[in-house]
Every structure is written in C-alpha cells, then in structure tokens.
$ cat model34.txt   # compact mmCIF, C-alpha atoms
# COMPACT_ATOMS: atom_id res chain seq x y z
CA MET A 2 88.45 134.68 54.26
CA ARG A 3 91.95 135.02 55.68
CA GLU A 4 94.59 135.72 53.08
CA TYR A 5 97.31 133.15 52.55
CA SER A 6 100.67 134.49 53.72
CA PRO A 7 103.64 132.45 52.54
CA ASP A 8 106.56 131.82 54.88
CA LEU A 9 109.34 133.95 53.44
CA THR A 10 111.91 132.88 56.06
CA PRO A 11 115.04 131.66 54.24
CA GLN A 12 115.40 127.88 54.35
CA TRP A 13 118.69 128.10 56.19
CA LYS A 14 117.05 130.08 59.03
CA ARG A 15 114.17 127.69 59.53
CA PRO A 16 114.51 125.24 62.46
CA LYS A 17 115.51 121.79 61.32
CA ALA A 18 113.01 118.99 61.82
CA VAL A 19 114.03 116.62 64.61
CA PRO A 20 114.00 113.03 63.39
CA GLU A 21 111.89 110.46 65.19
CA VAL A 22 113.57 107.21 66.20
CA ALA A 23 111.80 104.10 67.47
CA ALA A 24 112.87 103.12 71.01
CA GLU A 25 113.97 99.61 70.04
CA PRO A 26 115.68 97.30 72.57
CA ASP A 27 119.42 97.95 73.06
CA LEU A 28 119.33 101.31 71.23
CA VAL A 29 121.94 103.46 73.02
CA VAL A 30 121.00 107.10 73.54
CA GLU A 31 121.83 109.96 75.88
CA ALA A 32 119.16 111.91 77.73
CA ALA A 33 119.63 115.51 76.62
CA GLY A 34 120.63 117.88 79.39
CA THR A 35 121.96 115.05 81.57
CA ASP A 36 125.07 112.91 81.62
CA PHE A 37 123.03 109.69 81.57
CA CYS A 38 123.69 107.44 78.58
CA GLY A 39 122.23 103.97 78.31
CA ALA A 40 120.53 101.28 76.29
CA VAL A 41 116.78 101.01 75.92
CA VAL A 42 115.48 98.20 78.13
CA GLY A 43 111.83 99.14 78.37
CA CYS A 44 109.23 101.36 76.75
CA GLU A 45 105.76 102.16 77.96
CA ALA A 46 103.27 104.80 76.92
CA GLY A 47 105.11 108.09 77.19
CA THR A 48 108.26 106.83 78.93
CA VAL A 49 111.44 104.94 78.12
CA THR A 50 113.75 103.08 80.50
CA LEU A 51 117.51 103.29 79.92
CA GLU A 52 120.22 101.15 81.52
CA ASP A 53 123.79 102.43 81.68
CA ARG A 54 126.97 100.35 81.56
CA PHE A 55 126.96 100.00 85.36
CA GLY A 56 123.48 98.47 85.37
CA LYS A 57 121.77 101.60 86.73
CA ARG A 58 118.33 102.24 85.29
CA ARG A 59 116.40 105.50 84.89
CA VAL A 60 113.03 106.30 83.37
CA PHE A 61 112.66 109.34 81.10
CA PRO A 62 109.60 110.91 79.45
CA MET A 63 109.68 110.60 75.65
CA GLU A 64 109.41 114.31 75.00
CA PRO A 65 110.27 115.94 71.65
CA ALA A 66 114.00 116.45 71.06
CA ALA A 67 114.82 114.96 74.47
CA PHE A 68 117.57 112.52 73.45
CA LEU A 69 120.87 112.37 71.61
CA LEU A 70 121.72 109.57 69.21
CA ASP A 71 125.37 109.58 68.12
CA GLY A 72 125.45 113.23 69.18
CA ALA A 73 122.40 114.25 67.10
CA VAL A 74 119.14 115.41 68.69
CA VAL A 75 116.27 112.95 68.18
CA THR A 76 112.76 112.31 69.43
CA LEU A 77 112.18 108.79 70.73
CA VAL A 78 108.84 107.24 69.86
CA ARG A 79 107.19 104.01 70.85
CA PRO A 80 107.92 101.18 68.39
CA PRO A 81 104.93 100.39 66.17
CA ARG A 82 104.58 96.88 67.55
CA GLY A 83 103.90 98.11 71.09
CA PRO A 84 105.91 97.71 74.29
CA VAL A 85 109.56 96.81 73.88
CA ALA A 86 110.14 93.18 74.69
CA PRO A 87 113.28 92.69 76.80
CA SER A 88 116.17 91.24 74.83
CA ARG A 89 117.40 89.38 77.90
CA THR A 90 115.82 87.83 80.94
CA ALA A 91 116.45 89.15 84.45
CA SER A 92 119.22 86.55 84.81
CA GLY A 93 121.02 87.89 81.74
CA SER A 94 120.04 85.00 79.46
CA ILE A 95 118.81 85.69 75.93
CA ALA A 96 115.02 86.05 76.08
CA VAL A 97 112.85 83.72 74.03
CA PRO A 98 109.67 85.69 73.22
CA GLY A 99 106.52 83.61 73.22
CA ALA A 100 108.25 80.52 74.61
CA ARG A 101 105.95 78.16 76.49
CA ALA A 102 106.83 76.70 79.84
CA ARG A 103 108.27 73.22 79.55
CA VAL A 104 106.56 70.32 81.29
CA ALA A 105 108.09 70.09 84.75
CA ARG A 106 111.13 67.84 85.10
CA ALA A 107 111.37 65.16 87.73
CA GLY A 108 114.37 67.02 89.13
CA ARG A 109 113.90 69.89 91.54
CA ILE A 110 115.71 72.74 93.23
CA TYR A 111 115.09 73.12 96.94
CA VAL A 112 115.81 76.36 98.82
CA GLU A 113 115.61 77.01 102.54
CA GLY A 114 112.79 79.50 102.78
CA ARG A 115 110.12 81.52 101.04
CA HIS A 116 112.34 84.57 100.62
CA ASP A 117 114.97 82.46 98.87
CA ALA A 118 112.30 81.05 96.54
CA GLU A 119 110.90 84.50 95.74
CA LEU A 120 114.36 85.88 94.95
CA VAL A 121 115.19 82.95 92.67
CA GLU A 122 111.86 83.39 90.90
CA ARG A 123 112.46 87.11 90.54
CA VAL A 124 115.74 86.67 88.68
CA TRP A 125 115.65 83.17 87.15
CA GLY A 126 111.90 82.59 86.78
CA ASP A 127 111.82 82.87 82.97
CA ASP A 128 114.78 80.51 82.58
CA LEU A 129 113.36 77.95 85.00
CA ARG A 130 110.02 77.82 83.19
CA ILE A 131 111.71 77.24 79.84
CA GLU A 132 113.83 74.48 81.41
CA GLY A 133 110.90 72.97 83.30
CA VAL A 134 112.58 73.27 86.70
CA VAL A 135 110.40 73.67 89.78
CA VAL A 136 111.75 75.48 92.86
CA GLU A 137 110.36 74.53 96.28
CA TYR A 138 111.19 75.88 99.73
CA LEU A 139 111.79 73.75 102.80
CA GLU A 140 111.35 76.08 105.81
CA GLY A 141 114.79 75.05 107.06
CA ILE A 142 117.23 72.19 106.47
CA ASP A 143 117.43 70.53 109.89
CA ASP A 144 115.86 67.36 108.43
CA LEU A 145 117.70 67.55 105.10
CA PRO A 146 118.93 63.90 104.95
CA ALA A 147 115.36 62.65 105.47
CA ILE A 148 114.00 65.13 102.92
CA VAL A 149 116.52 63.93 100.33
CA ALA A 150 115.70 60.29 101.04
CA GLU A 151 112.00 60.97 100.63
CA PHE A 152 112.62 62.71 97.29
CA GLY A 153 114.56 59.70 95.99
CA PRO A 154 117.07 61.38 93.65
CA GLY A 155 118.40 59.51 90.64
CA PRO A 156 120.12 60.16 87.29
CA ASP A 157 116.79 61.23 85.77
CA ALA A 158 115.62 63.12 88.86
CA ARG A 159 118.48 65.19 90.14
CA LEU A 160 118.10 67.39 93.19
CA GLY A 161 119.80 70.74 93.69
CA ILE A 162 119.73 72.40 97.11
CA LEU A 163 120.58 76.02 97.90
CA VAL A 164 121.70 76.49 101.51
CA ASP A 165 122.19 79.71 103.49
CA HIS A 166 125.37 80.26 105.55
CA LEU A 167 127.21 77.27 104.11
CA VAL A 168 130.63 78.00 105.59
CA PRO A 169 133.18 75.70 107.30
CA GLY A 170 132.17 74.81 110.83
CA SER A 171 128.58 76.00 110.56
CA LYS A 172 125.56 73.91 111.48
CA GLU A 173 124.51 74.06 107.85
CA SER A 174 127.81 72.60 106.65
CA ARG A 175 127.51 69.67 109.06
CA ILE A 176 123.98 68.90 107.87
CA ALA A 177 125.00 69.16 104.22
CA ALA A 178 127.91 66.76 104.77
CA ALA A 179 125.42 64.05 105.75
CA VAL A 180 124.01 63.99 102.19
CA THR A 181 126.27 61.98 99.89
CA SER A 182 124.14 61.03 96.87
CA PRO A 183 125.87 61.63 93.50
CA ASP A 184 122.52 62.84 92.17
CA VAL A 185 122.30 65.65 94.73
CA LEU A 186 124.22 68.90 94.57
CA ILE A 187 124.27 71.15 97.62
CA ALA A 188 125.48 74.66 96.87
CA GLY A 189 125.52 77.45 99.38
CA HIS A 190 126.37 81.06 99.96
CA PRO A 191 128.13 82.55 103.00
CA TYR A 192 125.38 84.97 104.01
CA VAL A 193 123.42 84.62 107.25
CA ASP A 194 120.26 85.19 105.23
CA VAL A 195 119.50 85.56 101.55
CA TRP A 196 118.70 89.23 102.20
CA GLN A 197 122.45 89.85 102.23
CA ALA A 198 122.76 88.47 98.70
CA VAL A 199 121.11 91.67 97.48
CA LYS A 200 123.77 94.31 96.85
CA PRO A 201 123.58 97.23 99.28
CA SER A 202 123.82 99.61 96.31
CA ALA A 203 120.49 98.29 95.02
CA LEU A 204 118.89 99.46 98.27
CA GLY A 205 120.73 102.75 98.54
CA ILE A 206 122.64 101.73 101.68
CA ALA A 207 126.39 101.66 102.24
CA ALA A 208 126.49 98.12 103.62
CA TRP A 209 124.43 95.53 105.42
CA PRO A 210 124.55 96.24 109.17
CA VAL A 211 126.38 93.94 111.57
CA VAL A 212 123.85 92.43 113.97
CA PRO A 213 125.20 91.32 117.38
CA ARG A 214 125.15 87.59 118.01
CA GLY A 215 122.07 86.49 119.90
CA GLN A 216 119.69 88.95 118.21
CA ASP A 217 117.23 88.01 115.52
CA TRP A 218 119.20 88.99 112.41
CA LYS A 219 116.31 90.34 110.30
CA THR A 220 114.85 92.36 113.17
CA GLY A 221 118.31 93.70 113.96
CA VAL A 222 118.75 94.80 110.35
CA CYS A 223 115.45 96.68 110.43
CA ARG A 224 116.45 98.46 113.65
CA ALA A 225 119.90 99.39 112.37
CA LEU A 226 118.52 100.79 109.12
CA GLY A 227 115.66 102.64 110.79
CA TRP A 228 113.01 100.52 109.10
CA PRO A 229 109.79 99.47 110.83
CA GLU A 230 110.35 96.16 112.62
CA ASN A 231 108.13 94.30 110.18
CA THR A 232 110.40 91.79 108.46
CA GLY A 233 107.74 90.80 105.93
CA ALA A 234 107.34 94.37 104.74
CA ALA A 235 111.11 94.86 104.81
CA TRP A 236 111.58 91.87 102.54
CA GLN A 237 109.00 93.12 100.06
CA HIS A 238 110.89 96.42 99.92
CA ILE A 239 114.18 94.60 99.34
CA LEU A 240 112.68 92.33 96.68
CA SER A 241 111.13 95.29 94.85
CA ARG A 242 114.59 96.77 94.32
CA VAL A 243 115.85 93.67 92.53
CA THR A 244 115.32 94.03 88.79
CA SER A 245 118.04 91.75 87.40
CA TYR A 246 121.09 89.65 88.25
CA LYS A 247 123.10 92.88 88.49
CA ASP A 248 121.41 93.62 91.81
CA LEU A 249 122.70 90.38 93.38
CA GLU A 250 126.10 89.39 94.75
CA PRO A 251 128.19 87.19 92.42
CA THR A 252 128.48 84.53 95.13
CA LEU A 253 124.76 83.80 94.96
CA LEU A 254 124.62 84.10 91.16
CA GLY A 255 127.25 81.42 90.69
CA ARG A 256 125.60 78.99 93.07
CA VAL A 257 122.13 79.25 91.53
CA GLU A 258 123.50 78.90 87.98
CA GLU A 259 125.44 75.85 89.15
CA LEU A 260 122.29 74.24 90.54
CA ILE A 261 120.29 74.92 87.37
CA ASP A 262 123.05 73.38 85.24
CA PHE A 263 123.19 70.32 87.52
CA VAL A 264 119.45 69.68 87.47
CA THR A 265 119.11 70.17 83.71
CA ALA A 266 122.21 68.27 82.60
CA PRO A 267 121.46 65.36 80.21
$ encode --input "model34.txt" --output "structure tokens"
Amino acid sequence: MREYSPDLTPQWKRPKAVPEVAAEPDLVVEAAGTDFCGAVVGCEAGTVTLEDRFGKRRVFPMEPAAFLLDGAVVTLVRPPRGPVAPSRTASGSIAVPGARARVARAGRIYVEGRHDAELVERVWGDDLRIEGVVVEYLEGIDDLPAIVAEFGPGPDARLGILVDHLVPGSKESRIAAAVTSPDVLIAGHPYVDVWQAVKPSALGIAAWPVVPRGQDWKTGVCRALGWPENTGAAWQHILSRVTSYKDLEPTLLGRVEELIDFVTAP
C-alpha cells in the first residue's frame, strides 16, 4: 500500500483555481493571448463564438484558463441548458425563442430574383416567419404592372416590391413609375445586382470590381476577382459569408425594413 503523503506546499504558493463561467449570450470576454474582445453569440461543443464591437466574429476553443473576464482569468464552459440561443436574429431584432410561424398574410414581398430572395431569407427569415410575410421572386420586373394587377393589392393585402438598380433614368425606374397603387410600395437599391449589397469586407475584398458596360456583370465580377466563372457557385460563396445585417450595405437594409413595415402595417 502506498503511503499517504500530504501536500506541505504553503497555501500561498499553491496555484489558484481558475473559476468556470458559463458562456451565456452577450457575456463579454477577451481571448487570452490575443487582442480580441467580444460578446458570446454562439456556443457549441468545445468552442465559443465571440463578436467584437465592429461585428467581426471569431471562434475559439473553450480551453482551461483561455479567457479573461473583467481582467481575471476564467474557463468558459457550455451552459447547462445546451447550445446558446442567439439573443437577436440575423436582422438585429430581438429573438423570440420557440415562436411559431404566423399564418401567412395576404400581403407579400416580391423581389426580382432567386439570389435576392435567398439573401432576404438569410437575414430576415426569422422576422418574416413571425410576421407571416411570404417572399417570392419574379425572375425580372419587365412585366411588373401586369404582375401587380394580377396580385390585386388592397388595404388588407399590401404588396412590397424590392427592385435592383432603381436609380433615376434607369429602365427599372421607368417600369416602377407605371405602378401607382396606394397599396403597393416599390423600394429599390442602386446596385446593378444584389451581390453588391454584400459589404466587400465580408468577402475579404477591397471593393466590388467595375465591370465594363456590355459584359455580363456577374461573369465579369468572377473574372476580375479570379473566381471560377460559375456564377451559381460564386453566389453560394458570397451568401455563406453573410451571417447578419452587419454584412450588408445600409442602403439595402433600409429598403427591406421599409417593405416589411409597409406590408405588416395595420
């Protein structure tokens, strides 16, 4: 039998126990050994996601004594209830955990294409389900007056339409001007394509390239950035880098929020 040998190290020389802190949403910590400080926005088995005040996110392993809380070393642990539920939706709205989707309203939001619809879903999907707003894409707006007439907007069935390149003198602005119903709101952004509504910083590029007139814009972007000339794959890459409203240009944010407010107004 091995003899018991007491630890005779003086208490003041013994290493202090590092406290464990649950990685709750919005807890602000600093990753030890780095200059990254941010709030907890996600927690999975073994990792925690922090978001700094500029909206940049980084994932860190939850190793012992790997974080600083108010300057003190701590060990982050997974909250007992499981994964951290986000405190806000991707659009910045306060999240409503467990909320069921509302029965769809008669009103709708139309967007020009599939990419527009996917981007709106990516950022505003949770909000739209709670409000019961369905987003549909049109594959272009050349026949917009006829599309609006077929929908039959009214006070209880308002129609919001998001249009690309809605600038003075454009073809899109002339088409939009032909729709005059008080129960229809057409809101647009100045970008040639909704791709440009994603901030270049979210993609790690300095700026969106200028594509000469007469070239297919999306193909030209792929060439200029050295991407394979597969616009479908390029869009999936772009979309994957969008995690919240902070990755989008304010011009688009304002227009989509405006349409949601219009369609859901009493």
$ residues_around --input "model34.txt" --residues "Ala107 in chain A" --least-positions-apart "5" --cutoff "12 Å" --atoms "only C-alpha atoms" --output "ChimeraX atom specification"
/A:132-136,152-161,264-265
$ closest_residue --input "model34.txt" --among "A:Pro62, A:Gly39, A:Val257, A:Val185" --to "Val112 in chain A" --atoms "all atoms listed in the file"
A:Val257
$ residues_around --input "model34.txt" --residues "range 165-174 of chain A" --least-positions-apart "4" --cutoff "6 Å" --atoms "only C-alpha atoms" --output "PDB file with C-alpha atoms, in the frame of the given file"
ATOM      1  CA  GLY A 189     125.520  77.450  99.380  1.00  0.00           C
ATOM      2  CA  HIS A 190     126.370  81.060  99.960  1.00  0.00           C
ATOM      3  CA  PRO A 191     128.130  82.550 103.000  1.00  0.00           C
ATOM      4  CA  TYR A 192     125.380  84.970 104.010  1.00  0.00           C
ATOM      5  CA  VAL A 193     123.420  84.620 107.250  1.00  0.00           C
TER       6      VAL A 193
END
$ closest_residue --input "model34.txt" --among "A:Ala118, A:Gly93, A:Lys200, A:Glu113" --to "Asp143 in chain A" --atoms "all atoms listed in the file"
A:Glu113
$ atom_distance --input "model34.txt" --atom1 "CA of Asp194 in chain A" --atom2 "CA of His116 in chain A"
9.2 Å
$ closest_residue --input "model34.txt" --among "A:Leu70, A:Val195, A:Ala46, A:Leu120" --to "Leu28 in chain A" --atoms "only C-alpha atoms"
A:Leu70
$ atom_distance --input "model34.txt" --atom1 "CA of Ile110 in chain A" --atom2 "CA of Gln197 in chain A"
20.5 Å
$ atom_distance --input "model34.txt" --atom1 "CA of Tyr246 in chain A" --atom2 "CA of Arg123 in chain A"
9.3 Å
$ residues_near_point --input "model34.txt" --point "(102.6, 108.1, 79.7)" --cutoff "12 Å" --atoms "all atoms listed in the file" --output "list in words"
Cys44, Glu45, Ala46, Gly47, Thr48, Val49, Val60, Phe61, Pro62, Met63, Glu64, Val78 and Arg79 of chain A
$ residues_around --input "model34.txt" --residues "range 226-239 of chain A" --least-positions-apart "4" --cutoff "12 Å" --atoms "only C-alpha atoms" --output "ChimeraX atom specification"
/A:115-117,119-120,123,194-212,217-222,243-244,248-249
$ decode --input "model34.txt" --residues "range 226-239 of chain A" --atoms "all heavy atoms" --output "PDB file, in the first residue's frame"
ATOM      1  N   LEU A 226     -12.135  38.987 -59.971  1.00  0.00           N
ATOM      2  CA  LEU A 226     -11.719  38.521 -58.654  1.00  0.00           C
ATOM      3  C   LEU A 226     -10.940  37.210 -58.716  1.00  0.00           C
ATOM      4  O   LEU A 226     -10.491  36.700 -57.686  1.00  0.00           O
ATOM      5  CB  LEU A 226     -12.943  38.349 -57.743  1.00  0.00           C
ATOM      6  CG  LEU A 226     -13.683  39.640 -57.382  1.00  0.00           C
ATOM      7  CD1 LEU A 226     -14.922  39.321 -56.543  1.00  0.00           C
ATOM      8  CD2 LEU A 226     -12.768  40.607 -56.619  1.00  0.00           C
ATOM      9  N   GLY A 227     -10.791  36.663 -59.924  1.00  0.00           N
ATOM     10  CA  GLY A 227     -10.060  35.412 -60.058  1.00  0.00           C
ATOM     11  C   GLY A 227     -10.839  34.200 -59.607  1.00  0.00           C
ATOM     12  O   GLY A 227     -10.258  33.162 -59.278  1.00  0.00           O
ATOM     13  N   TRP A 228     -12.171  34.327 -59.595  1.00  0.00           N
ATOM     14  CA  TRP A 228     -13.019  33.198 -59.211  1.00  0.00           C
ATOM     15  C   TRP A 228     -13.356  32.381 -60.451  1.00  0.00           C
ATOM     16  O   TRP A 228     -13.393  32.915 -61.568  1.00  0.00           O
ATOM     17  CB  TRP A 228     -14.328  33.691 -58.577  1.00  0.00           C
ATOM     18  CG  TRP A 228     -14.179  34.424 -57.284  1.00  0.00           C
ATOM     19  CD1 TRP A 228     -13.057  34.536 -56.520  1.00  0.00           C
ATOM     20  CD2 TRP A 228     -15.200  35.152 -56.607  1.00  0.00           C
ATOM     21  NE1 TRP A 228     -13.314  35.286 -55.394  1.00  0.00           N
ATOM     22  CE2 TRP A 228     -14.626  35.673 -55.418  1.00  0.00           C
ATOM     23  CE3 TRP A 228     -16.546  35.418 -56.863  1.00  0.00           C
ATOM     24  CZ2 TRP A 228     -15.347  36.447 -54.509  1.00  0.00           C
ATOM     25  CZ3 TRP A 228     -17.277  36.177 -55.960  1.00  0.00           C
ATOM     26  CH2 TRP A 228     -16.685  36.686 -54.798  1.00  0.00           C
ATOM     27  N   PRO A 229     -13.653  31.090 -60.301  1.00  0.00           N
ATOM     28  CA  PRO A 229     -14.152  30.324 -61.445  1.00  0.00           C
ATOM     29  C   PRO A 229     -15.415  30.983 -62.001  1.00  0.00           C
ATOM     30  O   PRO A 229     -16.229  31.516 -61.247  1.00  0.00           O
ATOM     31  CB  PRO A 229     -14.462  28.947 -60.839  1.00  0.00           C
ATOM     32  CG  PRO A 229     -13.593  28.868 -59.617  1.00  0.00           C
ATOM     33  CD  PRO A 229     -13.525  30.267 -59.079  1.00  0.00           C
ATOM     34  N   GLU A 230     -15.559  30.946 -63.319  1.00  0.00           N
ATOM     35  CA  GLU A 230     -16.696  31.625 -63.948  1.00  0.00           C
ATOM     36  C   GLU A 230     -17.955  30.778 -63.838  1.00  0.00           C
ATOM     37  O   GLU A 230     -18.585  30.389 -64.822  1.00  0.00           O
ATOM     38  CB  GLU A 230     -16.364  31.972 -65.391  1.00  0.00           C
ATOM     39  CG  GLU A 230     -15.275  33.033 -65.482  1.00  0.00           C
ATOM     40  CD  GLU A 230     -14.953  33.433 -66.909  1.00  0.00           C
ATOM     41  OE1 GLU A 230     -15.820  33.242 -67.791  1.00  0.00           O
ATOM     42  OE2 GLU A 230     -13.831  33.925 -67.141  1.00  0.00           O
ATOM     43  N   ASN A 231     -18.310  30.491 -62.603  1.00  0.00           N
ATOM     44  CA  ASN A 231     -19.526  29.751 -62.274  1.00  0.00           C
ATOM     45  C   ASN A 231     -20.313  30.649 -61.326  1.00  0.00           C
ATOM     46  O   ASN A 231     -20.044  30.698 -60.132  1.00  0.00           O
ATOM     47  CB  ASN A 231     -19.174  28.422 -61.608  1.00  0.00           C
ATOM     48  CG  ASN A 231     -20.389  27.588 -61.247  1.00  0.00           C
ATOM     49  OD1 ASN A 231     -21.472  28.121 -61.001  1.00  0.00           O
ATOM     50  ND2 ASN A 231     -20.218  26.282 -61.199  1.00  0.00           N
ATOM     51  N   THR A 232     -21.257  31.406 -61.868  1.00  0.00           N
ATOM     52  CA  THR A 232     -21.933  32.415 -61.054  1.00  0.00           C
ATOM     53  C   THR A 232     -22.781  31.798 -59.948  1.00  0.00           C
ATOM     54  O   THR A 232     -22.957  32.410 -58.896  1.00  0.00           O
ATOM     55  CB  THR A 232     -22.812  33.321 -61.940  1.00  0.00           C
ATOM     56  OG1 THR A 232     -23.769  32.517 -62.660  1.00  0.00           O
ATOM     57  CG2 THR A 232     -21.955  34.093 -62.928  1.00  0.00           C
ATOM     58  N   GLY A 233     -23.281  30.589 -60.166  1.00  0.00           N
ATOM     59  CA  GLY A 233     -24.045  29.926 -59.113  1.00  0.00           C
ATOM     60  C   GLY A 233     -23.172  29.600 -57.918  1.00  0.00           C
ATOM     61  O   GLY A 233     -23.543  29.852 -56.767  1.00  0.00           O
ATOM     62  N   ALA A 234     -21.990  29.058 -58.179  1.00  0.00           N
ATOM     63  CA  ALA A 234     -21.060  28.744 -57.095  1.00  0.00           C
ATOM     64  C   ALA A 234     -20.554  30.017 -56.435  1.00  0.00           C
ATOM     65  O   ALA A 234     -20.366  30.071 -55.210  1.00  0.00           O
ATOM     66  CB  ALA A 234     -19.890  27.923 -57.635  1.00  0.00           C
ATOM     67  N   ALA A 235     -20.332  31.049 -57.250  1.00  0.00           N
ATOM     68  CA  ALA A 235     -19.874  32.331 -56.693  1.00  0.00           C
ATOM     69  C   ALA A 235     -20.912  32.892 -55.726  1.00  0.00           C
ATOM     70  O   ALA A 235     -20.569  33.388 -54.649  1.00  0.00           O
ATOM     71  CB  ALA A 235     -19.604  33.320 -57.821  1.00  0.00           C
ATOM     72  N   TRP A 236     -22.172  32.800 -56.113  1.00  0.00           N
ATOM     73  CA  TRP A 236     -23.216  33.325 -55.219  1.00  0.00           C
ATOM     74  C   TRP A 236     -23.288  32.532 -53.920  1.00  0.00           C
ATOM     75  O   TRP A 236     -23.452  33.110 -52.846  1.00  0.00           O
ATOM     76  CB  TRP A 236     -24.577  33.311 -55.913  1.00  0.00           C
ATOM     77  CG  TRP A 236     -25.705  33.589 -54.946  1.00  0.00           C
ATOM     78  CD1 TRP A 236     -26.711  32.748 -54.583  1.00  0.00           C
ATOM     79  CD2 TRP A 236     -25.892  34.785 -54.194  1.00  0.00           C
ATOM     80  NE1 TRP A 236     -27.517  33.344 -53.663  1.00  0.00           N
ATOM     81  CE2 TRP A 236     -27.048  34.597 -53.397  1.00  0.00           C
ATOM     82  CE3 TRP A 236     -25.218  35.996 -54.114  1.00  0.00           C
ATOM     83  CZ2 TRP A 236     -27.526  35.572 -52.530  1.00  0.00           C
ATOM     84  CZ3 TRP A 236     -25.688  36.976 -53.248  1.00  0.00           C
ATOM     85  CH2 TRP A 236     -26.834  36.758 -52.471  1.00  0.00           C
ATOM     86  N   GLN A 237     -23.148  31.237 -53.981  1.00  0.00           N
ATOM     87  CA  GLN A 237     -23.181  30.444 -52.752  1.00  0.00           C
ATOM     88  C   GLN A 237     -22.024  30.816 -51.830  1.00  0.00           C
ATOM     89  O   GLN A 237     -22.181  30.841 -50.604  1.00  0.00           O
ATOM     90  CB  GLN A 237     -23.136  28.951 -53.089  1.00  0.00           C
ATOM     91  CG  GLN A 237     -24.408  28.437 -53.753  1.00  0.00           C
ATOM     92  CD  GLN A 237     -25.668  28.763 -52.954  1.00  0.00           C
ATOM     93  OE1 GLN A 237     -25.718  28.539 -51.735  1.00  0.00           O
ATOM     94  NE2 GLN A 237     -26.686  29.291 -53.619  1.00  0.00           N
ATOM     95  N   HIS A 238     -20.874  31.138 -52.411  1.00  0.00           N
ATOM     96  CA  HIS A 238     -19.741  31.608 -51.606  1.00  0.00           C
ATOM     97  C   HIS A 238     -20.075  32.946 -50.956  1.00  0.00           C
ATOM     98  O   HIS A 238     -19.827  33.145 -49.763  1.00  0.00           O
ATOM     99  CB  HIS A 238     -18.508  31.749 -52.490  1.00  0.00           C
ATOM    100  CG  HIS A 238     -17.384  32.493 -51.834  1.00  0.00           C
ATOM    101  ND1 HIS A 238     -16.680  31.991 -50.756  1.00  0.00           N
ATOM    102  CD2 HIS A 238     -16.857  33.730 -52.086  1.00  0.00           C
ATOM    103  CE1 HIS A 238     -15.761  32.877 -50.377  1.00  0.00           C
ATOM    104  NE2 HIS A 238     -15.850  33.933 -51.163  1.00  0.00           N
ATOM    105  N   ILE A 239     -20.642  33.856 -51.743  1.00  0.00           N
ATOM    106  CA  ILE A 239     -20.999  35.174 -51.209  1.00  0.00           C
ATOM    107  C   ILE A 239     -22.023  35.028 -50.087  1.00  0.00           C
ATOM    108  O   ILE A 239     -21.883  35.608 -49.006  1.00  0.00           O
ATOM    109  CB  ILE A 239     -21.561  36.066 -52.340  1.00  0.00           C
ATOM    110  CG1 ILE A 239     -20.464  36.358 -53.372  1.00  0.00           C
ATOM    111  CG2 ILE A 239     -22.130  37.369 -51.779  1.00  0.00           C
ATOM    112  CD1 ILE A 239     -20.996  36.946 -54.667  1.00  0.00           C
TER     113      ILE A 239
END
